[in-house]
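Chemist: Got work_21.cif for you, mmCIF, C-alpha atoms:
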```cif
data_work
loop_
_atom_site.label_atom_id
_atom_site.label_comp_id
_atom_site.auth_asym_id
_atom_site.auth_seq_id
_atom_site.Cartn_x
_atom_site.Cartn_y
_atom_site.Cartn_z
CA MET U 168 -65.03 -8.96 -72.58
CA ASP U 169 -67.97 -11.14 -71.72
CA ILE U 170 -67.20 -14.85 -72.16
CA LYS U 171 -70.57 -15.42 -73.87
CA LEU U 172 -69.86 -12.71 -76.43
CA ILE U 173 -66.45 -14.21 -77.13
CA ALA U 174 -68.06 -17.64 -77.65
CA VAL U 175 -70.61 -16.18 -80.08
CA ILE U 176 -67.88 -14.39 -82.04
CA ALA U 177 -65.83 -17.59 -82.16
CA ILE U 178 -68.78 -19.62 -83.44
CA LEU U 179 -69.55 -16.98 -86.07
CA GLY U 180 -65.91 -17.03 -87.10
CA ILE U 181 -65.93 -20.78 -87.48
CA LEU U 182 -69.16 -20.63 -89.50
CA LEU U 183 -67.69 -17.96 -91.78
CA ILE U 184 -64.60 -20.11 -92.33
CA ILE U 185 -66.78 -23.13 -93.16
CA VAL U 186 -68.90 -21.08 -95.58
CA PHE U 187 -65.78 -19.63 -97.21
CA VAL U 188 -64.20 -23.07 -97.58
CA LYS U 189 -67.43 -24.42 -99.09
CA TYR U 190 -67.58 -21.47 -101.46
CA ILE U 191 -64.00 -22.16 -102.59
CA LEU U 192 -64.76 -25.87 -103.04
CA TYR U 193 -67.98 -25.14 -104.98
CA ARG U 194 -66.19 -22.62 -107.17
CA ARG U 195 -63.36 -25.06 -107.90
CA GLN U 196 -65.85 -27.81 -108.66
CA VAL U 197 -67.81 -25.60 -111.08
CA VAL U 198 -64.56 -24.61 -112.81
CA ASN U 199 -63.57 -28.29 -112.97
CA ILE U 200 -66.97 -29.25 -114.44
CA CYS U 201 -66.57 -26.52 -117.10
CA ARG U 202 -63.13 -27.86 -117.99
CA GLN U 203 -64.46 -31.41 -118.28
CA MET U 204 -67.34 -30.25 -120.49
CA ALA U 205 -64.93 -28.32 -122.74
CA PHE U 206 -62.71 -31.41 -123.03
CA ILE U 207 -65.69 -33.64 -123.89
CA MET U 208 -66.96 -31.20 -126.54
CA GLU U 209 -63.53 -30.80 -128.16
CA ASN U 210 -62.60 -34.48 -128.17
CA ASN U 211 -65.98 -36.16 -128.87
CA THR U 212 -65.36 -38.71 -126.14
CA ASN U 213 -67.67 -40.97 -124.13
CA LYS U 214 -66.17 -39.63 -120.89
CA ILE U 215 -68.71 -38.48 -118.30
CA ILE U 216 -68.54 -35.55 -115.89
CA CYS U 217 -67.01 -36.44 -112.52
CA ASN U 218 -67.09 -34.45 -109.28
CA ASP U 219 -64.71 -34.16 -106.34
CA ILE U 220 -67.22 -33.22 -103.67
CA THR U 221 -70.32 -35.13 -102.62
CA GLU U 222 -72.71 -32.28 -101.99
CA LYS U 223 -76.16 -33.28 -103.22
CA GLU U 224 -76.53 -30.12 -105.34
CA ILE U 225 -73.29 -30.81 -107.19
CA LEU U 226 -74.15 -34.49 -107.57
CA LYS U 227 -77.57 -33.56 -108.97
CA LEU U 228 -75.98 -31.06 -111.38
CA THR U 229 -73.45 -33.57 -112.73
CA ASP U 230 -76.18 -36.22 -113.08
CA PHE U 231 -78.30 -33.84 -115.14
CA ILE U 232 -75.34 -32.83 -117.32
CA ASN U 233 -74.38 -36.46 -117.93
CA LEU U 234 -78.00 -37.36 -118.73
CA MET U 235 -78.29 -34.47 -121.21
CA TYR U 236 -75.00 -35.44 -122.83
CA GLU U 237 -76.11 -39.08 -123.09
CA GLU U 238 -79.36 -38.01 -124.78
CA HIS U 239 -77.40 -35.73 -127.10
CA LYS U 240 -75.09 -38.61 -128.10
CA LYS U 241 -78.09 -40.86 -128.78
CA LYS U 242 -79.69 -38.25 -131.02
CA GLU U 243 -76.37 -37.61 -132.73
CA ASN U 244 -75.92 -41.32 -133.44
CA ILE U 245 -79.49 -41.54 -134.78
CA LEU U 246 -78.83 -38.58 -137.09
CA LYS U 247 -75.57 -40.11 -138.28
CA GLU U 248 -77.32 -43.41 -138.98
CA LYS U 249 -80.11 -41.60 -140.87
CA ASP U 250 -77.55 -39.62 -142.83
CA THR U 251 -75.71 -42.79 -143.81
CA ARG U 252 -78.96 -44.49 -144.82
CA LEU U 253 -80.07 -41.43 -146.76
CA LYS U 254 -76.79 -41.30 -148.71
CA THR U 255 -77.10 -45.01 -149.48
CA ALA U 256 -80.73 -44.54 -150.46
CA LEU U 257 -79.93 -41.60 -152.72
CA ALA U 258 -77.26 -43.65 -154.46
CA GLY U 259 -79.82 -46.42 -154.92
CA ILE U 260 -82.49 -44.03 -156.18
CA SER U 261 -80.02 -42.56 -158.65
CA HIS U 262 -79.46 -46.09 -159.93
CA ASP U 263 -83.22 -46.75 -160.08
CA ILE U 264 -83.82 -43.62 -162.13
CA ARG U 265 -80.71 -43.89 -164.28
CA THR U 266 -81.55 -47.45 -165.38
CA PRO U 267 -84.78 -46.62 -167.27
CA LEU U 268 -83.22 -43.39 -168.58
CA THR U 269 -80.30 -45.33 -170.02
CA SER U 270 -82.69 -47.86 -171.55
CA LEU U 271 -84.77 -45.05 -173.03
CA LYS U 272 -81.72 -43.49 -174.64
CA GLY U 273 -80.70 -46.84 -176.13
CA PHE U 274 -84.13 -47.65 -177.53
CA PHE U 275 -84.56 -44.14 -178.94
CA GLU U 276 -81.27 -44.62 -180.83
CA LEU U 277 -82.45 -48.00 -182.12
CA LEU U 278 -85.78 -46.46 -183.15
CA GLU U 279 -84.02 -43.61 -184.93
CA ASN U 280 -81.89 -45.98 -187.01
CA GLU U 281 -84.54 -48.65 -187.68
CA ASP U 282 -86.50 -48.75 -190.95
CA ASN U 283 -88.42 -51.95 -190.27
CA ILE U 284 -91.97 -50.97 -189.28
CA GLU U 285 -92.52 -54.04 -187.09
CA LYS U 286 -89.33 -53.47 -185.12
CA ARG U 287 -90.09 -49.75 -184.80
CA GLY U 288 -93.48 -50.62 -183.29
CA LYS U 289 -91.80 -52.98 -180.83
CA TYR U 290 -89.30 -50.31 -179.78
CA ILE U 291 -92.10 -47.77 -179.32
CA GLN U 292 -93.93 -50.19 -176.99
CA ILE U 293 -90.78 -50.70 -174.93
CA ILE U 294 -90.15 -46.93 -174.77
CA ASN U 295 -93.72 -46.31 -173.56
CA LYS U 296 -93.30 -48.97 -170.89
CA LYS U 297 -90.01 -47.41 -169.69
CA ILE U 298 -91.60 -43.96 -169.57
CA ILE U 299 -94.46 -45.30 -167.42
CA GLU U 300 -91.93 -47.03 -165.15
CA LEU U 301 -89.91 -43.83 -164.73
CA THR U 302 -93.06 -41.77 -164.10
CA GLU U 303 -94.12 -44.17 -161.35
CA LEU U 304 -90.68 -43.98 -159.74
CA LEU U 305 -90.77 -40.19 -159.67
CA GLU U 306 -94.38 -40.15 -158.45
CA GLU U 307 -93.45 -42.45 -155.55
CA LEU U 308 -90.63 -40.14 -154.55
CA PHE U 309 -92.91 -37.10 -154.84
CA THR U 310 -95.61 -38.72 -152.70
CA TYR U 311 -93.11 -39.76 -150.03
CA THR U 312 -91.72 -36.21 -149.90
CA LYS U 313 -95.23 -34.77 -149.43
CA LEU U 314 -95.96 -37.21 -146.61
CA GLN U 315 -92.89 -36.03 -144.66
CA ASN U 316 -94.70 -32.72 -144.14
CA GLU U 317 -96.78 -33.12 -140.99
CA GLU U 318 -99.12 -30.36 -142.17
CA TYR U 319 -100.09 -32.35 -145.27
CA ILE U 320 -103.71 -33.45 -144.78
CA LEU U 321 -105.67 -36.05 -146.72
CA GLU U 322 -109.26 -35.10 -147.50
CA LEU U 323 -111.52 -37.92 -146.30
CA LYS U 324 -114.93 -38.76 -147.76
CA GLU U 325 -117.23 -41.77 -147.72
CA TYR U 326 -116.45 -44.22 -150.53
CA ASP U 327 -117.47 -47.76 -151.45
CA PHE U 328 -114.23 -49.46 -150.45
CA THR U 329 -115.16 -52.65 -152.30
CA LYS U 330 -115.49 -50.72 -155.56
CA ILE U 331 -112.00 -49.25 -155.09
CA VAL U 332 -110.54 -52.70 -154.41
CA LEU U 333 -112.18 -54.25 -157.49
CA GLY U 334 -111.11 -51.36 -159.72
CA THR U 335 -107.52 -51.55 -158.54
CA LEU U 336 -107.33 -55.31 -158.99
CA PHE U 337 -108.76 -55.03 -162.50
CA SER U 338 -106.03 -52.55 -163.45
CA PHE U 339 -103.42 -55.21 -162.60
CA TYR U 340 -105.07 -58.02 -164.56
CA SER U 341 -102.91 -57.59 -167.67
CA ILE U 342 -99.74 -57.28 -165.56
CA PHE U 343 -100.45 -60.55 -163.72
CA LYS U 344 -101.01 -62.20 -167.10
CA GLU U 345 -97.90 -60.66 -168.66
CA GLU U 346 -95.73 -61.62 -165.67
CA ASN U 347 -97.26 -65.12 -165.65
CA ILE U 348 -98.17 -64.80 -161.98
CA LYS U 349 -100.52 -67.44 -160.59
CA THR U 350 -103.08 -65.70 -158.38
CA ASP U 351 -105.45 -67.12 -155.79
CA VAL U 352 -108.16 -64.46 -155.43
CA ASP U 353 -110.90 -64.42 -152.79
CA ILE U 354 -112.95 -61.21 -152.96
CA GLU U 355 -116.12 -60.34 -151.03
CA GLU U 356 -118.09 -58.13 -153.41
CA LYS U 357 -120.78 -56.55 -151.22
CA THR U 358 -120.77 -52.80 -150.60
CA ALA U 359 -118.69 -51.42 -147.70
CA VAL U 360 -118.78 -47.67 -147.04
CA VAL U 361 -115.58 -46.32 -145.49
CA LEU U 362 -114.44 -42.80 -144.63
CA CYS U 363 -111.19 -42.54 -146.58
CA ASN U 364 -109.32 -40.86 -149.42
CA ASP U 365 -109.95 -42.82 -152.62
CA ILE U 366 -106.68 -41.81 -154.29
CA ALA U 367 -104.71 -42.76 -151.17
CA VAL U 368 -106.47 -46.14 -150.93
CA LYS U 369 -105.70 -46.87 -154.61
CA ARG U 370 -102.05 -45.98 -153.99
CA ILE U 371 -101.87 -48.25 -150.94
CA LEU U 372 -103.46 -51.20 -152.74
CA SER U 373 -101.30 -50.63 -155.84
CA ASN U 374 -98.09 -50.45 -153.82
CA ILE U 375 -98.96 -53.64 -151.94
CA ILE U 376 -99.74 -55.49 -155.18
CA LYS U 377 -96.64 -54.12 -156.94
CA ASN U 378 -94.53 -55.33 -154.03
CA ALA U 379 -95.91 -58.85 -154.56
CA ILE U 380 -95.22 -58.67 -158.31
CA ILE U 381 -91.65 -57.35 -157.96
CA HIS U 382 -90.50 -59.45 -155.02
CA GLY U 383 -92.62 -62.59 -155.43
CA ASN U 384 -91.67 -65.88 -157.01
CA GLY U 385 -94.63 -66.10 -159.39
CA ASN U 386 -97.37 -66.96 -156.90
CA ALA U 387 -99.74 -64.46 -155.30
CA ARG U 388 -102.68 -64.71 -152.92
CA ILE U 389 -105.20 -61.88 -152.63
CA LYS U 390 -108.08 -61.79 -150.16
CA TYR U 391 -110.60 -59.06 -149.42
CA SER U 392 -113.15 -59.49 -146.63
CA ILE U 393 -115.74 -57.32 -144.89
CA LYS U 394 -115.99 -57.62 -141.11
CA ASP U 395 -118.47 -56.10 -138.67
CA ASN U 396 -116.40 -52.97 -138.08
CA SER U 397 -113.71 -53.12 -140.74
CA VAL U 398 -112.63 -54.07 -144.24
CA GLU U 399 -109.46 -56.13 -144.68
CA PHE U 400 -107.27 -56.50 -147.74
CA GLU U 401 -104.52 -59.12 -147.77
CA CYS U 402 -101.91 -59.70 -150.44
CA GLY U 403 -99.29 -62.40 -150.15
CA ASN U 404 -96.50 -63.44 -152.48
CA GLY U 405 -94.42 -66.57 -152.52
CA ILE U 406 -90.85 -66.23 -151.27
CA ILE U 407 -87.86 -68.51 -151.66
CA ASN U 408 -85.79 -67.37 -148.65
CA PRO U 409 -88.01 -66.10 -145.79
CA ARG U 410 -84.94 -65.44 -143.62
CA GLU U 411 -83.78 -62.73 -146.00
CA ILE U 412 -86.79 -60.56 -145.06
CA ASP U 413 -86.60 -58.46 -141.90
CA ILE U 414 -90.25 -57.93 -140.97
CA SER U 415 -89.32 -55.14 -138.55
CA GLN U 416 -87.89 -53.08 -141.44
CA VAL U 417 -90.25 -53.65 -144.36
CA PHE U 418 -92.05 -50.36 -143.70
CA ASP U 419 -88.82 -48.40 -143.25
CA ARG U 420 -87.93 -46.02 -146.05
CA PHE U 421 -85.67 -47.40 -148.78
CA TYR U 422 -85.56 -50.91 -147.25
CA LYS U 423 -85.03 -53.64 -149.84
CA SER U 424 -84.71 -57.31 -149.08
CA ASP U 425 -83.34 -58.17 -152.49
CA ALA U 426 -81.72 -56.71 -155.56
CA ALA U 427 -84.89 -55.55 -157.28
CA ARG U 428 -83.09 -52.84 -159.19
CA GLY U 429 -84.28 -52.09 -162.67
CA ARG U 430 -87.82 -53.28 -161.99
CA GLY U 431 -89.30 -49.97 -160.88
CA SER U 432 -88.56 -50.32 -157.19
CA THR U 433 -87.37 -47.45 -155.01
CA GLY U 434 -87.96 -49.25 -151.72
CA LEU U 435 -90.59 -46.58 -150.92
CA GLY U 436 -93.74 -48.49 -151.87
CA LEU U 437 -94.56 -49.98 -148.47
CA PRO U 438 -93.39 -46.94 -146.42
CA VAL U 439 -95.67 -44.73 -148.53
CA ALA U 440 -98.52 -47.22 -148.04
CA LYS U 441 -98.03 -47.14 -144.27
CA GLU U 442 -97.85 -43.33 -144.13
CA LEU U 443 -101.09 -43.04 -146.11
CA SER U 444 -102.78 -45.71 -144.02
CA ASP U 445 -101.80 -43.96 -140.78
CA ARG U 446 -103.12 -40.61 -142.09
CA MET U 447 -106.54 -42.23 -142.68
CA GLY U 448 -106.69 -44.05 -139.34
CA GLY U 449 -106.07 -47.44 -140.91
CA LYS U 450 -103.64 -50.17 -140.02
CA ILE U 451 -101.08 -52.00 -142.15
CA SER U 452 -98.89 -54.90 -141.08
CA ALA U 453 -96.57 -57.54 -142.50
CA SER U 454 -96.01 -61.17 -141.63
CA ILE U 455 -94.46 -64.34 -143.00
CA GLU U 456 -96.80 -67.32 -143.20
CA GLU U 457 -94.95 -70.47 -144.21
CA ASN U 458 -93.43 -69.48 -147.57
CA MET U 459 -95.62 -66.43 -148.12
CA PHE U 460 -94.85 -62.78 -147.38
CA VAL U 461 -98.20 -61.23 -146.46
CA ILE U 462 -99.24 -57.57 -146.23
CA LYS U 463 -102.53 -56.86 -144.46
CA PHE U 464 -104.31 -53.51 -144.84
CA VAL U 465 -107.28 -52.71 -142.60
CA MET U 466 -109.67 -49.76 -142.66
CA TYR U 467 -112.41 -49.24 -140.09
CA THR U 468 -116.03 -48.64 -141.04
CA ARG U 469 -116.88 -47.09 -137.68
CA PRO U 470 -114.88 -44.13 -136.29
CA ASP U 471 -115.24 -45.33 -132.68
CA VAL U 472 -113.32 -48.56 -133.40
CA ARG U 473 -110.66 -46.98 -135.63
CA LYS U 474 -107.10 -47.77 -134.55
CA THR U 475 -103.65 -46.41 -135.43
#
```
Please render this file's structure as structure tokens.
Modeler:
Amino acid sequence: MDIKLIAVIAILGILLIIVFVKYILYRRQVVNICRQMAFIMENNTNKIICNDITEKEILKLTDFINLMYEEHKKKENILKEKDTRLKTALAGISHDIRTPLTSLKGFFELLENEDNIEKRGKYIQIINKKIIELTELLEELFTYTKLQNEEYILELKEYDFTKIVLGTLFSFYSIFKEENIKTDVDIEEKTAVVLCNDIAVKRILSNIIKNAIIHGNGNARIKYSIKDNSVEFECGNGIINPREIDISQVFDRFYKSDAARGRGSTGLGLPVAKELSDRMGGKISASIEENMFVIKFVMYTRPDVRKT
């Protein structure tokens, strides 16, 4: 037989052996990776996929698998955290709703057994106040639920923003007086036309003001100004312990910096305000200035300068 032919056959034989060995190694590695994945899935461990061979394809495969698993774990942890927070929030909301309901039941019993006209009138006033409080709690929850639907759209029209601000502030006049809250008010009263949703703006302003009433220490500062391209509403309330407030979380759902239970607080006021503001192209932010917790709400009068 020709020596050259023998050499070619020998080389082909060696190549076939190498290919077969690589095939066996690849197959074993794939089987090993499958076993490791099964172990990780069954045992919920932080172990990562390891490989026995250093072929770039296998290395790339294991890197991708480990990256996907890492992302999955992150999402799983986020979901677990949200689930825990939701359960805590639901327990808190149940308390928030149960408190006025319990009060209502008690005052209805007192009213039923009371013959004195003056006392009956007093109980009726308290019952009406509790009903309003409960209605506002449920309305806040309803609004927040609607805003979780990305398809929910606010209808925007041109409104005199200043008129909305003045009307909203006027509706809180009796509450400030009843709560004995000292207010420093600085309002610019000239007309400012803004493309917005009037109901949403009223809700935002109301929630910001209610937050100051519920969580403040009896002092409030309100400022409304008209800039070249925007209108800005600021509401600040005095605070005793600024360190207790986590600015990074004040717009998170159900966040509460204090035990404001029983005063009509679900912890949804500011998150709802932010959601509504975002839907209208506005901007809302929080800051602590000395001993004041300040919420700033901005809407833009020109679409080309509107920010999110």
Chemist: Using only C-alpha atoms, find each residue of range 377-455 of chain U with at least one atom at most 8 Å away from an atom of range 319-343 of chain U; report its shortest atom-to-atom pair and that distance in Å (one decimal), sort the rows by chain and rising residue number, and return the result as JSON lines.
Modeler:
```
{"residue": "U:Ile380", "atom": "CA", "partner": "U:Phe343", "partner_atom": "CA", "distance": 7.8}
{"residue": "U:Val398", "atom": "CA", "partner": "U:Phe328", "partner_atom": "CA", "distance": 7.9}
{"residue": "U:Arg446", "atom": "CA", "partner": "U:Leu321", "partner_atom": "CA", "distance": 7.0}
{"residue": "U:Met447", "atom": "CA", "partner": "U:Leu321", "partner_atom": "CA", "distance": 7.4}
```
Chemist: Could you name the residues that touch range 315-317 of chain U at 12 Å or less, counting only C-alpha atoms, but leaving out those on the same chain fewer than 6 positions away, as number ranges by chain?
Modeler: U: 308-309, 420, 438-439, 442-443, 445-446
Chemist: For the file shown, what are the residues hit by the PyMOL selection byres ((chain U and resi 226-242) around 10), laid out as an MDAnalysis selection string?
Modeler: chainID U and resid 197 200 204 207:208 211:225 243:248
Chemist: Write a file of the selected residues as an mmCIF file, in the coordinates of the input, keeping C-alpha atoms.
Modeler:
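Result file is out_15.cif:
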```cif
data_model
loop_
_atom_site.group_PDB
_atom_site.id
_atom_site.type_symbol
_atom_site.label_atom_id
_atom_site.label_comp_id
_atom_site.auth_asym_id
_atom_site.auth_seq_id
_atom_site.Cartn_x
_atom_site.Cartn_y
_atom_site.Cartn_z
ATOM 1 C CA VAL U 197 -67.810 -25.600 -111.080
ATOM 2 C CA ILE U 200 -66.970 -29.250 -114.440
ATOM 3 C CA MET U 204 -67.340 -30.250 -120.490
ATOM 4 C CA ILE U 207 -65.690 -33.640 -123.890
ATOM 5 C CA MET U 208 -66.960 -31.200 -126.540
ATOM 6 C CA ASN U 211 -65.980 -36.160 -128.870
ATOM 7 C CA THR U 212 -65.360 -38.710 -126.140
ATOM 8 C CA ASN U 213 -67.670 -40.970 -124.130
ATOM 9 C CA LYS U 214 -66.170 -39.630 -120.890
ATOM 10 C CA ILE U 215 -68.710 -38.480 -118.300
ATOM 11 C CA ILE U 216 -68.540 -35.550 -115.890
ATOM 12 C CA CYS U 217 -67.010 -36.440 -112.520
ATOM 13 C CA ASN U 218 -67.090 -34.450 -109.280
ATOM 14 C CA ASP U 219 -64.710 -34.160 -106.340
ATOM 15 C CA ILE U 220 -67.220 -33.220 -103.670
ATOM 16 C CA THR U 221 -70.320 -35.130 -102.620
ATOM 17 C CA GLU U 222 -72.710 -32.280 -101.990
ATOM 18 C CA LYS U 223 -76.160 -33.280 -103.220
ATOM 19 C CA GLU U 224 -76.530 -30.120 -105.340
ATOM 20 C CA ILE U 225 -73.290 -30.810 -107.190
ATOM 21 C CA GLU U 243 -76.370 -37.610 -132.730
ATOM 22 C CA ASN U 244 -75.920 -41.320 -133.440
ATOM 23 C CA ILE U 245 -79.490 -41.540 -134.780
ATOM 24 C CA LEU U 246 -78.830 -38.580 -137.090
ATOM 25 C CA LYS U 247 -75.570 -40.110 -138.280
ATOM 26 C CA GLU U 248 -77.320 -43.410 -138.980
#
```
Chemist: For the structure provided, state which residues fall under the PyMOL selection byres ((chain U and resi 367) around 9), and present them as a list in words.
Modeler: Leu321, Cys363, Asn364, Asp365, Ile366, Val368, Lys369, Arg370, Ile371, Leu372, Ala440, Leu443, Ser444 and Met447 of chain U
Chemist: Could you dump the residues just selected with C-alpha atoms as a PDB file, in the coordinates of the input?
Modeler:
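Output file part.pdb follows:
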```
ATOM      1  CA  LEU U 321    -105.670 -36.050-146.720  1.00  0.00           C
ATOM      2  CA  CYS U 363    -111.190 -42.540-146.580  1.00  0.00           C
ATOM      3  CA  ASN U 364    -109.320 -40.860-149.420  1.00  0.00           C
ATOM      4  CA  ASP U 365    -109.950 -42.820-152.620  1.00  0.00           C
ATOM      5  CA  ILE U 366    -106.680 -41.810-154.290  1.00  0.00           C
ATOM      6  CA  VAL U 368    -106.470 -46.140-150.930  1.00  0.00           C
ATOM      7  CA  LYS U 369    -105.700 -46.870-154.610  1.00  0.00           C
ATOM      8  CA  ARG U 370    -102.050 -45.980-153.990  1.00  0.00           C
ATOM      9  CA  ILE U 371    -101.870 -48.250-150.940  1.00  0.00           C
ATOM     10  CA  LEU U 372    -103.460 -51.200-152.740  1.00  0.00           C
ATOM     11  CA  ALA U 440     -98.520 -47.220-148.040  1.00  0.00           C
ATOM     12  CA  LEU U 443    -101.090 -43.040-146.110  1.00  0.00           C
ATOM     13  CA  SER U 444    -102.780 -45.710-144.020  1.00  0.00           C
ATOM     14  CA  MET U 447    -106.540 -42.230-142.680  1.00  0.00           C
TER      15      MET U 447
END
```
Chemist: What does the structure give for the distance between CA of Ala177 in chain U and CA of Arg194 in chain U, in Å to one decimal?
Modeler: 25.5 Å
